[in-house]
Amino acid sequence: MMKRIHIATSSKQYEVVIGNELLHMIDRMIDRICPHVTAVLIITDETVASLYLADVQQALRQTYDRVYTHIIPSGEEAKSFEQFYACHTAALTNRLDRDSLIIALGGGVVGDLAGFVAATYMRGIRFVQVPTTLLAHDSAVGGKTAINHPLGKNMIGAFYQPELVFYDISLLHTLPEQEMRSGFAEIIKHSLIYDRVFFGWLQANVQKLDDLHGDRLQYAIQKGIEIKAAIVAKDEKEHGVRAHLNFGHTLGHALESELGYGVMTHGDAVALGMLFAIFVSEHFYKQPLFYSSFRTLFKHYGFPTSLPSHVSPERLLEKMKKDKKAKDQTVRMVLMKEIGTVCVERIDDEQLLRWLYVFAEEGGEKCDSSDSRGNDCER
Ligand code: NAD
Ligand code: GLY
């Protein structure tokens, strides 16, 4: 069944439309929401193009005369200055004007890049998100757009909301398992930061990734988006609670940048980051959060549960200090007080380095929460 979720940010209101087999109506849906479009540029990646571009083009041509396409390479490396420039060149060559529309057809990489192109082309033209990955339930909603810098992930970007998010979940059936797992990490994140009942539902209903299909998949996506919607409605530009959406991302982003973009999926990096955040939370708040059970659960879903052995804690710390939440060179991490409640905390460098070392040794399993290493943390 088709479902609509209303997103109300301070700069813009729009709908997320979710359902099965919706592609045939994409042109009418866009036309209703975006009047007087002069030309459409679909930005997509090679993999998605080979699977769905022809169908999307065909549907759009029922309404629009000028439909152009620009295809980027698949994968995280495409969130680059070079691809950003190439997208602008495609928009200029095809003479897009201020009433033209960009369609981001793909996962978070396409969405983040195409959204940033839309935000900057002629100082901003309209765009529509057409997510094709599970992870994009997160990235397509809320208006964060960005490309990476070799020195840091998502460092160059803008807050820029789409006109519509058009989510046909039948497109997810071609997603490889590792990409389903990657998206599932962000679903788990949404439950852990906001809704313990939803976390319980996930544990009961998604015992393995294969369980994520049909109604369960749609429900999990809807819940994830509703949580994100509630947070961005309160804080569009991350002056406060939106930072909670970064649970697991301080270490996650550092790992992605340190390993080289695309080596580990975003979701795997975030899952490992969440595990580390739970490990740190136990020590920081000096209360049991059942870290070992989380580690077992994450292992069961196939997420990495230990740091790659060749990654140095010192280098990770340096990267974590470049995180956008850091203030005065001090790392600020989203920590978990209990399932459904998180908080941003300043963590002193020396302490964080010690925790990274302990976590690097067998995922910190040997260290219990009363360990004295947790006693000198600064709040
Ligand atoms: P992605 O866009 O690279 O997609 C993953 C892989 O799946 C790619 O190889 C892609 O070609 C392929 N693919 C996409 N759709 C497919 C389909 N339907 N069938 C088969 N293959 C398909 O990655 P992602 O995981 O969707 O997104 C990760 C990115 O999202 C990261 O750059 C991350 O920083 C960003 N992100 C942004 C936000 C935000 O708020 N803007 C939030 C979370 C993550
Ligand atoms: N994924 C983090 C955010 O949207 O704020």
# chains A, B, ... in the order shown; residues from 1 in each chain; ligands from 1

call {"tool": "residues_near_ligand", "arguments": {"ligand": "ligand 2", "cutoff": "9 Å", "atoms": "only C-alpha atoms and all ligand atoms", "output": "PDB file with N, CA, C and O atoms, in the first residue's frame"}}
result
ATOM      1  N   ASP A 138      17.473   6.940   4.783  1.00  0.00           N
ATOM      2  CA  ASP A 138      18.092   7.952   5.633  1.00  0.00           C
ATOM      3  C   ASP A 138      18.595   9.125   4.789  1.00  0.00           C
ATOM      4  O   ASP A 138      18.207  10.277   4.989  1.00  0.00           O
ATOM      5  N   SER A 139      19.412   8.809   3.770  1.00  0.00           N
ATOM      6  CA  SER A 139      20.102   9.882   3.050  1.00  0.00           C
ATOM      7  C   SER A 139      19.176  10.746   2.193  1.00  0.00           C
ATOM      8  O   SER A 139      19.475  11.916   1.953  1.00  0.00           O
ATOM      9  N   ALA A 140      18.062  10.179   1.727  1.00  0.00           N
ATOM     10  CA  ALA A 140      17.197  10.951   0.824  1.00  0.00           C
ATOM     11  C   ALA A 140      16.299  11.937   1.570  1.00  0.00           C
ATOM     12  O   ALA A 140      15.657  12.779   0.966  1.00  0.00           O
ATOM     13  N   VAL A 141      16.256  11.795   2.895  1.00  0.00           N
ATOM     14  CA  VAL A 141      15.333  12.609   3.694  1.00  0.00           C
ATOM     15  C   VAL A 141      16.138  13.552   4.590  1.00  0.00           C
ATOM     16  O   VAL A 141      17.121  13.127   5.204  1.00  0.00           O
ATOM     17  N   GLY A 142      15.752  14.790   4.640  1.00  0.00           N
ATOM     18  CA  GLY A 142      16.373  15.689   5.620  1.00  0.00           C
ATOM     19  C   GLY A 142      17.289  16.735   5.031  1.00  0.00           C
ATOM     20  O   GLY A 142      17.713  17.653   5.733  1.00  0.00           O
ATOM     21  N   GLY A 143      17.638  16.608   3.738  1.00  0.00           N
ATOM     22  CA  GLY A 143      18.294  17.710   3.045  1.00  0.00           C
ATOM     23  C   GLY A 143      19.786  17.870   3.238  1.00  0.00           C
ATOM     24  O   GLY A 143      20.349  18.888   2.856  1.00  0.00           O
ATOM     25  N   LYS A 144      20.461  16.858   3.793  1.00  0.00           N
ATOM     26  CA  LYS A 144      21.927  16.978   3.826  1.00  0.00           C
ATOM     27  C   LYS A 144      22.452  16.534   2.467  1.00  0.00           C
ATOM     28  O   LYS A 144      22.168  15.413   2.031  1.00  0.00           O
ATOM     29  N   GLU A 186      21.523   1.761   9.343  1.00  0.00           N
ATOM     30  CA  GLU A 186      20.893   3.066   9.626  1.00  0.00           C
ATOM     31  C   GLU A 186      19.486   2.869  10.205  1.00  0.00           C
ATOM     32  O   GLU A 186      19.015   3.687  10.985  1.00  0.00           O
ATOM     33  N   LYS A 228      13.465   9.936  11.548  1.00  0.00           N
ATOM     34  CA  LYS A 228      14.285  11.010  10.973  1.00  0.00           C
ATOM     35  C   LYS A 228      13.451  12.278  10.806  1.00  0.00           C
ATOM     36  O   LYS A 228      13.913  13.385  11.103  1.00  0.00           O
ATOM     37  N   ILE A 231      13.029  14.216  13.967  1.00  0.00           N
ATOM     38  CA  ILE A 231      14.248  14.913  14.409  1.00  0.00           C
ATOM     39  C   ILE A 231      14.524  16.145  13.538  1.00  0.00           C
ATOM     40  O   ILE A 231      14.781  17.229  14.050  1.00  0.00           O
ATOM     41  N   VAL A 232      14.424  15.985  12.217  1.00  0.00           N
ATOM     42  CA  VAL A 232      14.745  17.153  11.368  1.00  0.00           C
ATOM     43  C   VAL A 232      13.669  18.234  11.467  1.00  0.00           C
ATOM     44  O   VAL A 232      13.932  19.411  11.207  1.00  0.00           O
ATOM     45  N   GLU A 236      16.534  21.398  11.714  1.00  0.00           N
ATOM     46  CA  GLU A 236      16.929  21.119  10.329  1.00  0.00           C
ATOM     47  C   GLU A 236      18.441  21.212  10.118  1.00  0.00           C
ATOM     48  O   GLU A 236      19.038  20.403   9.426  1.00  0.00           O
ATOM     49  N   LYS A 237      19.071  22.214  10.736  1.00  0.00           N
ATOM     50  CA  LYS A 237      20.476  22.511  10.385  1.00  0.00           C
ATOM     51  C   LYS A 237      21.486  22.059  11.426  1.00  0.00           C
ATOM     52  O   LYS A 237      22.594  22.584  11.522  1.00  0.00           O
ATOM     53  N   GLU A 238      21.076  21.113  12.237  1.00  0.00           N
ATOM     54  CA  GLU A 238      21.968  20.496  13.217  1.00  0.00           C
ATOM     55  C   GLU A 238      22.583  21.495  14.201  1.00  0.00           C
ATOM     56  O   GLU A 238      23.790  21.547  14.388  1.00  0.00           O
ATOM     57  N   ARG A 242      19.611  17.175  15.964  1.00  0.00           N
ATOM     58  CA  ARG A 242      19.916  16.452  14.726  1.00  0.00           C
ATOM     59  C   ARG A 242      21.244  15.703  14.836  1.00  0.00           C
ATOM     60  O   ARG A 242      21.451  14.699  14.158  1.00  0.00           O
ATOM     61  N   ALA A 243      22.118  16.208  15.694  1.00  0.00           N
ATOM     62  CA  ALA A 243      23.399  15.511  15.883  1.00  0.00           C
ATOM     63  C   ALA A 243      23.188  14.071  16.336  1.00  0.00           C
ATOM     64  O   ALA A 243      24.043  13.208  16.105  1.00  0.00           O
ATOM     65  N   HIS A 244      22.036  13.782  16.951  1.00  0.00           N
ATOM     66  CA  HIS A 244      21.780  12.406  17.401  1.00  0.00           C
ATOM     67  C   HIS A 244      21.774  11.423  16.233  1.00  0.00           C
ATOM     68  O   HIS A 244      22.069  10.238  16.409  1.00  0.00           O
ATOM     69  N   LEU A 245      21.430  11.936  15.042  1.00  0.00           N
ATOM     70  CA  LEU A 245      21.431  11.072  13.846  1.00  0.00           C
ATOM     71  C   LEU A 245      22.845  10.634  13.493  1.00  0.00           C
ATOM     72  O   LEU A 245      23.046   9.783  12.637  1.00  0.00           O
ATOM     73  N   ASN A 246      23.810  11.253  14.145  1.00  0.00           N
ATOM     74  CA  ASN A 246      25.208  10.882  13.896  1.00  0.00           C
ATOM     75  C   ASN A 246      25.704   9.786  14.821  1.00  0.00           C
ATOM     76  O   ASN A 246      26.912   9.542  14.910  1.00  0.00           O
ATOM     77  N   PHE A 247      24.799   9.140  15.531  1.00  0.00           N
ATOM     78  CA  PHE A 247      25.193   8.018  16.396  1.00  0.00           C
ATOM     79  C   PHE A 247      25.969   6.997  15.540  1.00  0.00           C
ATOM     80  O   PHE A 247      25.500   6.565  14.482  1.00  0.00           O
ATOM     81  N   HIS A 249      28.587   7.612  13.844  1.00  0.00           N
ATOM     82  CA  HIS A 249      29.231   8.208  12.673  1.00  0.00           C
ATOM     83  C   HIS A 249      30.592   8.832  12.972  1.00  0.00           C
ATOM     84  O   HIS A 249      31.361   9.068  12.053  1.00  0.00           O
TER      85      HIS A 249
END

call {"tool": "residues_near_ligand", "arguments": {"ligand": "ligand 1", "cutoff": "6 Å", "atoms": "only C-alpha atoms and all ligand atoms", "output": "MDAnalysis selection string"}}
result
chainID A and resid 45 47:48 74:76 106:110 112 132:133 135:136 138:139 144:145 171:172 174:175 179 266

call {"tool": "write_last_selection", "arguments": {"atoms": "N, CA, C and O atoms", "output": "mmCIF file, in the first residue's frame"}}
result
data_model
loop_
_atom_site.group_PDB
_atom_site.id
_atom_site.type_symbol
_atom_site.label_atom_id
_atom_site.label_comp_id
_atom_site.auth_asym_id
_atom_site.auth_seq_id
_atom_site.Cartn_x
_atom_site.Cartn_y
_atom_site.Cartn_z
ATOM 1 N N ASP A 45 23.849 6.317 -11.169
ATOM 2 C CA ASP A 45 25.169 5.686 -11.320
ATOM 3 C C ASP A 45 25.073 4.516 -12.309
ATOM 4 O O ASP A 45 23.980 4.135 -12.747
ATOM 5 N N THR A 47 25.475 1.283 -12.144
ATOM 6 C CA THR A 47 24.716 0.083 -11.779
ATOM 7 C C THR A 47 23.218 0.339 -11.870
ATOM 8 O O THR A 47 22.469 -0.453 -12.463
ATOM 9 N N VAL A 48 22.782 1.439 -11.288
ATOM 10 C CA VAL A 48 21.344 1.744 -11.281
ATOM 11 C C VAL A 48 20.879 2.031 -12.706
ATOM 12 O O VAL A 48 19.776 1.624 -13.111
ATOM 13 N N SER A 74 29.701 3.983 -10.131
ATOM 14 C CA SER A 74 29.061 3.509 -8.892
ATOM 15 C C SER A 74 30.067 3.559 -7.746
ATOM 16 O O SER A 74 31.249 3.262 -7.942
ATOM 17 N N GLY A 75 29.576 3.901 -6.579
ATOM 18 C CA GLY A 75 30.429 3.803 -5.379
ATOM 19 C C GLY A 75 30.786 5.150 -4.789
ATOM 20 O O GLY A 75 30.679 6.211 -5.419
ATOM 21 N N GLU A 76 31.256 5.065 -3.548
ATOM 22 C CA GLU A 76 31.525 6.237 -2.707
ATOM 23 C C GLU A 76 32.525 7.211 -3.339
ATOM 24 O O GLU A 76 32.452 8.415 -3.106
ATOM 25 N N GLY A 106 19.090 6.803 -7.350
ATOM 26 C CA GLY A 106 20.158 5.935 -6.842
ATOM 27 C C GLY A 106 20.188 5.907 -5.330
ATOM 28 O O GLY A 106 19.227 6.275 -4.655
ATOM 29 N N GLY A 107 21.326 5.482 -4.814
ATOM 30 C CA GLY A 107 21.504 5.391 -3.368
ATOM 31 C C GLY A 107 21.996 6.717 -2.806
ATOM 32 O O GLY A 107 21.882 7.777 -3.438
ATOM 33 N N GLY A 108 22.587 6.618 -1.622
ATOM 34 C CA GLY A 108 23.037 7.826 -0.934
ATOM 35 C C GLY A 108 24.122 8.577 -1.679
ATOM 36 O O GLY A 108 24.219 9.802 -1.554
ATOM 37 N N VAL A 109 24.930 7.870 -2.441
ATOM 38 C CA VAL A 109 26.002 8.557 -3.175
ATOM 39 C C VAL A 109 25.403 9.476 -4.230
ATOM 40 O O VAL A 109 25.709 10.678 -4.290
ATOM 41 N N VAL A 110 24.503 8.928 -5.039
ATOM 42 C CA VAL A 110 23.853 9.743 -6.068
ATOM 43 C C VAL A 110 23.048 10.861 -5.401
ATOM 44 O O VAL A 110 23.102 12.022 -5.815
ATOM 45 N N ASP A 112 23.364 12.350 -2.433
ATOM 46 C CA ASP A 112 24.188 13.405 -1.822
ATOM 47 C C ASP A 112 24.838 14.295 -2.891
ATOM 48 O O ASP A 112 24.884 15.517 -2.769
ATOM 49 N N THR A 132 17.116 4.262 -4.338
ATOM 50 C CA THR A 132 17.093 2.861 -4.815
ATOM 51 C C THR A 132 17.811 1.916 -3.847
ATOM 52 O O THR A 132 18.019 0.748 -4.175
ATOM 53 N N THR A 133 18.270 2.427 -2.705
ATOM 54 C CA THR A 133 18.894 1.542 -1.714
ATOM 55 C C THR A 133 18.117 1.630 -0.400
ATOM 56 O O THR A 133 17.340 2.572 -0.197
ATOM 57 N N LEU A 135 19.645 2.040 2.447
ATOM 58 C CA LEU A 135 20.307 3.103 3.201
ATOM 59 C C LEU A 135 19.706 4.471 2.892
ATOM 60 O O LEU A 135 19.622 5.351 3.739
ATOM 61 N N ALA A 136 19.224 4.616 1.657
ATOM 62 C CA ALA A 136 18.720 5.923 1.236
ATOM 63 C C ALA A 136 17.413 6.303 1.924
ATOM 64 O O ALA A 136 16.942 7.426 1.760
ATOM 65 N N ASP A 138 17.473 6.940 4.783
ATOM 66 C CA ASP A 138 18.092 7.952 5.633
ATOM 67 C C ASP A 138 18.595 9.125 4.789
ATOM 68 O O ASP A 138 18.207 10.277 4.989
ATOM 69 N N SER A 139 19.412 8.809 3.770
ATOM 70 C CA SER A 139 20.102 9.882 3.050
ATOM 71 C C SER A 139 19.176 10.746 2.193
ATOM 72 O O SER A 139 19.475 11.916 1.953
ATOM 73 N N LYS A 144 20.461 16.858 3.793
ATOM 74 C CA LYS A 144 21.927 16.978 3.826
ATOM 75 C C LYS A 144 22.452 16.534 2.467
ATOM 76 O O LYS A 144 22.168 15.413 2.031
ATOM 77 N N THR A 145 23.219 17.391 1.815
ATOM 78 C CA THR A 145 23.829 17.036 0.537
ATOM 79 C C THR A 145 25.324 17.315 0.653
ATOM 80 O O THR A 145 25.709 18.249 1.363
ATOM 81 N N LEU A 171 12.298 -1.496 -6.190
ATOM 82 C CA LEU A 171 13.634 -1.349 -6.788
ATOM 83 C C LEU A 171 14.725 -1.955 -5.901
ATOM 84 O O LEU A 171 15.849 -2.166 -6.344
ATOM 85 N N LEU A 172 14.382 -2.234 -4.655
ATOM 86 C CA LEU A 172 15.407 -2.756 -3.728
ATOM 87 C C LEU A 172 15.672 -4.257 -3.932
ATOM 88 O O LEU A 172 16.634 -4.780 -3.375
ATOM 89 N N THR A 174 16.939 -5.843 -6.215
ATOM 90 C CA THR A 174 18.214 -6.165 -6.886
ATOM 91 C C THR A 174 19.432 -5.803 -6.021
ATOM 92 O O THR A 174 20.572 -6.013 -6.442
ATOM 93 N N LEU A 175 19.183 -5.272 -4.836
ATOM 94 C CA LEU A 175 20.320 -4.845 -3.985
ATOM 95 C C LEU A 175 21.107 -6.050 -3.468
ATOM 96 O O LEU A 175 20.514 -6.980 -2.919
ATOM 97 N N GLU A 179 24.720 -4.496 0.639
ATOM 98 C CA GLU A 179 24.081 -3.175 0.610
ATOM 99 C C GLU A 179 22.801 -3.167 1.445
ATOM 100 O O GLU A 179 22.445 -2.146 2.025
ATOM 101 N N HIS A 266 29.198 2.242 3.955
ATOM 102 C CA HIS A 266 28.881 3.259 4.971
ATOM 103 C C HIS A 266 28.202 2.592 6.167
ATOM 104 O O HIS A 266 28.547 2.853 7.328
#

call {"tool": "residues_around", "arguments": {"residues": "region 343-352 of chain A", "least_positions_apart": "6", "cutoff": "6 Å", "atoms": "only C-alpha atoms", "output": "list of chain:residue names"}}
result
A:Val331, A:Arg332, A:Met333, A:Val334, A:Leu335

call {"tool": "write_last_selection", "arguments": {"atoms": "all heavy atoms", "output": "short mmCIF file (atom, residue, chain, number, x, y, z; two decimals), in the first residue's frame"}}
result
data_model
loop_
_atom_site.label_atom_id
_atom_site.label_comp_id
_atom_site.auth_asym_id
_atom_site.auth_seq_id
_atom_site.Cartn_x
_atom_site.Cartn_y
_atom_site.Cartn_z
N VAL A 331 36.84 15.93 20.54
CA VAL A 331 35.84 15.05 19.93
C VAL A 331 34.54 15.12 20.73
O VAL A 331 34.55 15.12 21.95
CB VAL A 331 36.37 13.59 19.89
CG1 VAL A 331 35.29 12.64 19.39
CG2 VAL A 331 37.62 13.49 19.04
N ARG A 332 33.43 15.20 20.00
CA ARG A 332 32.11 15.08 20.64
C ARG A 332 31.41 13.90 20.00
O ARG A 332 31.28 13.83 18.79
CB ARG A 332 31.30 16.36 20.46
CG ARG A 332 31.90 17.52 21.28
CD ARG A 332 31.37 18.86 20.87
NE ARG A 332 30.05 19.14 21.40
CZ ARG A 332 28.97 19.34 20.64
NH1 ARG A 332 29.05 19.29 19.35
NH2 ARG A 332 27.82 19.61 21.21
N MET A 333 31.04 12.95 20.84
CA MET A 333 30.42 11.71 20.33
C MET A 333 29.00 11.60 20.82
O MET A 333 28.68 12.03 21.94
CB MET A 333 31.18 10.49 20.87
CG MET A 333 32.38 10.09 20.07
SD MET A 333 33.13 8.62 20.83
CE MET A 333 32.00 7.32 20.33
N VAL A 334 28.16 10.99 20.01
CA VAL A 334 26.80 10.69 20.45
C VAL A 334 26.86 9.39 21.25
O VAL A 334 27.29 8.35 20.73
CB VAL A 334 25.85 10.52 19.24
CG1 VAL A 334 24.41 10.29 19.72
CG2 VAL A 334 25.93 11.72 18.31
N LEU A 335 26.49 9.47 22.51
CA LEU A 335 26.54 8.28 23.37
C LEU A 335 25.13 7.85 23.76
O LEU A 335 24.19 8.65 23.73
CB LEU A 335 27.38 8.55 24.62
CG LEU A 335 28.84 8.92 24.39
CD1 LEU A 335 29.58 9.02 25.73
CD2 LEU A 335 29.55 7.90 23.49
#

call {"tool": "select_by_dssp", "arguments": {"residues": "region 131-175 of chain A", "states": "alpha helix (DSSP H)", "output": "list of chain:residue names"}}
result
A:Ala136, A:His137, A:Asp138, A:Ser139

call {"tool": "closest_atom_pairs", "arguments": {"of": "region 149-237 of chain A", "to": "region 272-278 of chain A", "cutoff": "12 Å", "atoms": "only C-alpha atoms", "output": "CSV"}}
result
residue,atom,partner,partner_atom,distance
A:Ser182,CA,A:Leu272,CA,11.1
A:Ala185,CA,A:Met274,CA,9.0
A:Glu186,CA,A:Met274,CA,10.0
A:Ile188,CA,A:Met274,CA,9.5
A:Lys189,CA,A:Met274,CA,7.7
A:His190,CA,A:Met274,CA,11.3
A:Leu192,CA,A:Met274,CA,9.4
A:Ile193,CA,A:Met274,CA,10.4

call {"tool": "write_last_selection", "arguments": {"atoms": "N, CA, C and O atoms", "output": "PDB file, in the first residue's frame"}}
result
ATOM      1  N   SER A 182      24.097  -2.749   4.852  1.00  0.00           N
ATOM      2  CA  SER A 182      24.535  -1.371   5.052  1.00  0.00           C
ATOM      3  C   SER A 182      23.341  -0.475   5.408  1.00  0.00           C
ATOM      4  O   SER A 182      23.383   0.308   6.361  1.00  0.00           O
ATOM      5  N   ALA A 185      21.895  -0.984   8.908  1.00  0.00           N
ATOM      6  CA  ALA A 185      22.620  -0.318  10.013  1.00  0.00           C
ATOM      7  C   ALA A 185      21.942   1.009  10.363  1.00  0.00           C
ATOM      8  O   ALA A 185      21.789   1.351  11.538  1.00  0.00           O
ATOM      9  N   GLU A 186      21.523   1.761   9.343  1.00  0.00           N
ATOM     10  CA  GLU A 186      20.893   3.066   9.626  1.00  0.00           C
ATOM     11  C   GLU A 186      19.486   2.869  10.205  1.00  0.00           C
ATOM     12  O   GLU A 186      19.015   3.687  10.985  1.00  0.00           O
ATOM     13  N   ILE A 188      18.734   0.341  12.239  1.00  0.00           N
ATOM     14  CA  ILE A 188      19.040   0.044  13.653  1.00  0.00           C
ATOM     15  C   ILE A 188      19.370   1.342  14.382  1.00  0.00           C
ATOM     16  O   ILE A 188      18.917   1.590  15.491  1.00  0.00           O
ATOM     17  N   LYS A 189      20.159   2.192  13.719  1.00  0.00           N
ATOM     18  CA  LYS A 189      20.527   3.481  14.344  1.00  0.00           C
ATOM     19  C   LYS A 189      19.279   4.260  14.735  1.00  0.00           C
ATOM     20  O   LYS A 189      19.161   4.754  15.867  1.00  0.00           O
ATOM     21  N   HIS A 190      18.333   4.368  13.790  1.00  0.00           N
ATOM     22  CA  HIS A 190      17.119   5.145  14.100  1.00  0.00           C
ATOM     23  C   HIS A 190      16.402   4.570  15.317  1.00  0.00           C
ATOM     24  O   HIS A 190      15.914   5.305  16.172  1.00  0.00           O
ATOM     25  N   LEU A 192      17.763   2.799  17.807  1.00  0.00           N
ATOM     26  CA  LEU A 192      18.552   2.952  19.036  1.00  0.00           C
ATOM     27  C   LEU A 192      18.550   4.377  19.579  1.00  0.00           C
ATOM     28  O   LEU A 192      18.615   4.589  20.785  1.00  0.00           O
ATOM     29  N   ILE A 193      18.458   5.355  18.685  1.00  0.00           N
ATOM     30  CA  ILE A 193      18.520   6.739  19.185  1.00  0.00           C
ATOM     31  C   ILE A 193      17.168   7.252  19.636  1.00  0.00           C
ATOM     32  O   ILE A 193      17.079   8.269  20.318  1.00  0.00           O
TER      33      ILE A 193
END

call {"tool": "atom_distance", "arguments": {"atom1": "CA of Ile187 (chain A)", "atom2": "CA of Thr9 (chain A)"}}
result
20.9 Å

call {"tool": "atom_distance", "arguments": {"atom1": "CA of Phe166 (chain A)", "atom2": "CA of Lys153 (chain A)"}}
result
26.1 Å

call {"tool": "closest_residue", "arguments": {"among": "A:Asp328, A:Glu163, A:Asp168, A:Asp99", "to": "Leu23 (chain A)", "atoms": "only C-alpha atoms"}}
result
A:Asp168

call {"tool": "residues_around", "arguments": {"residues": "region 209-214 of chain A", "least_positions_apart": "3", "cutoff": "9 Å", "atoms": "only C-alpha atoms", "output": "ChimeraX atom specification"}}
result
/A:20,169-170,173,177,180-181,184,205-206,217-220,301

call {"tool": "select_by_dssp", "arguments": {"residues": "region 55-268 of chain A", "states": "strand (DSSP E)", "output": "short mmCIF file (atom, residue, chain, number, x, y, z; two decimals) with N, CA and C atoms, in the first residue's frame"}}
result
data_model
loop_
_atom_site.label_atom_id
_atom_site.label_comp_id
_atom_site.auth_asym_id
_atom_site.auth_seq_id
_atom_site.Cartn_x
_atom_site.Cartn_y
_atom_site.Cartn_z
N VAL A 67 14.23 15.29 -21.48
CA VAL A 67 14.72 14.43 -20.38
C VAL A 67 16.16 14.05 -20.70
N TYR A 68 17.09 14.50 -19.88
CA TYR A 68 18.51 14.22 -20.10
C TYR A 68 19.01 13.28 -19.00
N THR A 69 20.15 12.65 -19.29
CA THR A 69 20.71 11.76 -18.27
C THR A 69 22.21 12.05 -18.10
N HIS A 70 22.66 11.82 -16.89
CA HIS A 70 24.10 11.90 -16.63
C HIS A 70 24.46 10.74 -15.70
N ILE A 71 25.40 9.91 -16.13
CA ILE A 71 25.72 8.70 -15.37
C ILE A 71 27.10 8.82 -14.74
N ILE A 72 27.14 8.59 -13.43
CA ILE A 72 28.42 8.66 -12.69
C ILE A 72 28.87 7.23 -12.39
N LEU A 101 14.71 20.64 -13.47
CA LEU A 101 14.63 19.76 -12.30
C LEU A 101 15.72 18.69 -12.40
N ILE A 102 16.34 18.42 -11.28
CA ILE A 102 17.30 17.31 -11.22
C ILE A 102 16.64 16.15 -10.50
N ILE A 103 16.80 14.94 -11.05
CA ILE A 103 16.30 13.76 -10.36
C ILE A 103 17.51 12.92 -9.93
N ALA A 104 17.57 12.63 -8.64
CA ALA A 104 18.65 11.80 -8.11
C ALA A 104 18.13 10.37 -8.06
N LEU A 105 18.53 9.55 -9.01
CA LEU A 105 18.05 8.17 -9.09
C LEU A 105 19.18 7.25 -8.60
N GLY A 106 19.09 6.80 -7.35
CA GLY A 106 20.16 5.93 -6.84
C GLY A 106 20.19 5.91 -5.33
N ARG A 126 15.33 23.02 -8.39
CA ARG A 126 14.56 21.98 -7.69
C ARG A 126 15.15 20.59 -7.95
N PHE A 127 14.99 19.69 -6.98
CA PHE A 127 15.39 18.30 -7.21
C PHE A 127 14.47 17.33 -6.47
N VAL A 128 14.44 16.11 -7.02
CA VAL A 128 13.61 15.04 -6.46
C VAL A 128 14.51 13.86 -6.16
N GLN A 129 14.31 13.27 -5.00
CA GLN A 129 15.09 12.08 -4.63
C GLN A 129 14.29 10.83 -5.03
N VAL A 130 14.94 9.95 -5.79
CA VAL A 130 14.34 8.65 -6.10
C VAL A 130 15.29 7.58 -5.57
N PRO A 131 15.16 7.25 -4.28
CA PRO A 131 16.12 6.33 -3.65
C PRO A 131 15.98 4.91 -4.18
N LYS A 144 20.46 16.86 3.79
CA LYS A 144 21.93 16.98 3.83
C LYS A 144 22.45 16.53 2.47
N THR A 145 23.22 17.39 1.82
CA THR A 145 23.83 17.04 0.54
C THR A 145 25.32 17.32 0.65
N ALA A 146 26.15 16.52 0.01
CA ALA A 146 27.59 16.74 0.19
C ALA A 146 28.44 15.89 -0.75
N ILE A 147 29.68 16.33 -0.89
CA ILE A 147 30.72 15.48 -1.48
C ILE A 147 31.83 15.33 -0.43
N ASN A 148 32.72 14.39 -0.69
CA ASN A 148 33.82 14.14 0.26
C ASN A 148 35.05 14.95 -0.12
N HIS A 149 35.88 15.22 0.86
CA HIS A 149 37.22 15.75 0.63
C HIS A 149 38.17 14.64 1.07
N GLY A 152 38.36 14.46 4.68
CA GLY A 152 37.20 14.21 5.54
C GLY A 152 35.93 13.99 4.74
N LYS A 153 35.10 13.15 5.34
CA LYS A 153 33.86 12.73 4.68
C LYS A 153 32.79 13.83 4.75
N ASN A 154 32.07 14.02 3.67
CA ASN A 154 30.93 14.98 3.61
C ASN A 154 31.32 16.38 4.06
N MET A 155 32.56 16.78 3.79
CA MET A 155 33.03 18.06 4.31
C MET A 155 32.55 19.25 3.48
N ILE A 156 32.18 19.00 2.22
CA ILE A 156 31.78 20.10 1.36
C ILE A 156 30.32 19.87 0.98
N GLY A 157 29.43 20.71 1.42
CA GLY A 157 28.03 20.43 1.11
C GLY A 157 27.10 21.55 1.52
N ALA A 158 25.80 21.22 1.48
CA ALA A 158 24.78 22.23 1.81
C ALA A 158 23.57 21.52 2.39
N PHE A 159 22.81 22.25 3.19
CA PHE A 159 21.48 21.77 3.56
C PHE A 159 20.56 22.21 2.43
N LEU A 164 10.44 16.35 -3.36
CA LEU A 164 9.69 15.11 -3.16
C LEU A 164 10.71 13.98 -3.00
N VAL A 165 10.35 12.98 -2.19
CA VAL A 165 11.13 11.73 -2.15
C VAL A 165 10.18 10.64 -2.65
N PHE A 166 10.57 10.03 -3.74
CA PHE A 166 9.70 9.05 -4.40
C PHE A 166 10.36 7.67 -4.24
N TYR A 167 9.83 6.88 -3.30
CA TYR A 167 10.54 5.65 -2.87
C TYR A 167 9.75 4.42 -3.31
N ASP A 168 10.17 3.84 -4.42
CA ASP A 168 9.53 2.61 -4.90
C ASP A 168 10.37 1.44 -4.38
#

call {"tool": "atom_distance", "arguments": {"atom1": "CA of Glu15 (chain A)", "atom2": "CA of Asp27 (chain A)"}}
result
15.3 Å

call {"tool": "closest_residue", "arguments": {"among": "A:Pro162, A:Pro150, A:Pro176, A:Pro313", "to": "Ser80 (chain A)", "atoms": "only C-alpha atoms"}}
result
A:Pro150

call {"tool": "residues_around", "arguments": {"residues": "His300 (chain A)", "least_positions_apart": "5", "cutoff": "9 Å", "atoms": "only C-alpha atoms", "output": "list in words"}}
result
Gln207, Lys208 and Arg295 of chain A

call {"tool": "closest_residue", "arguments": {"among": "A:Phe303, A:Ile227, A:Leu151, A:Thr120", "to": "Gln178 (chain A)", "atoms": "only C-alpha atoms"}}
result
A:Phe303
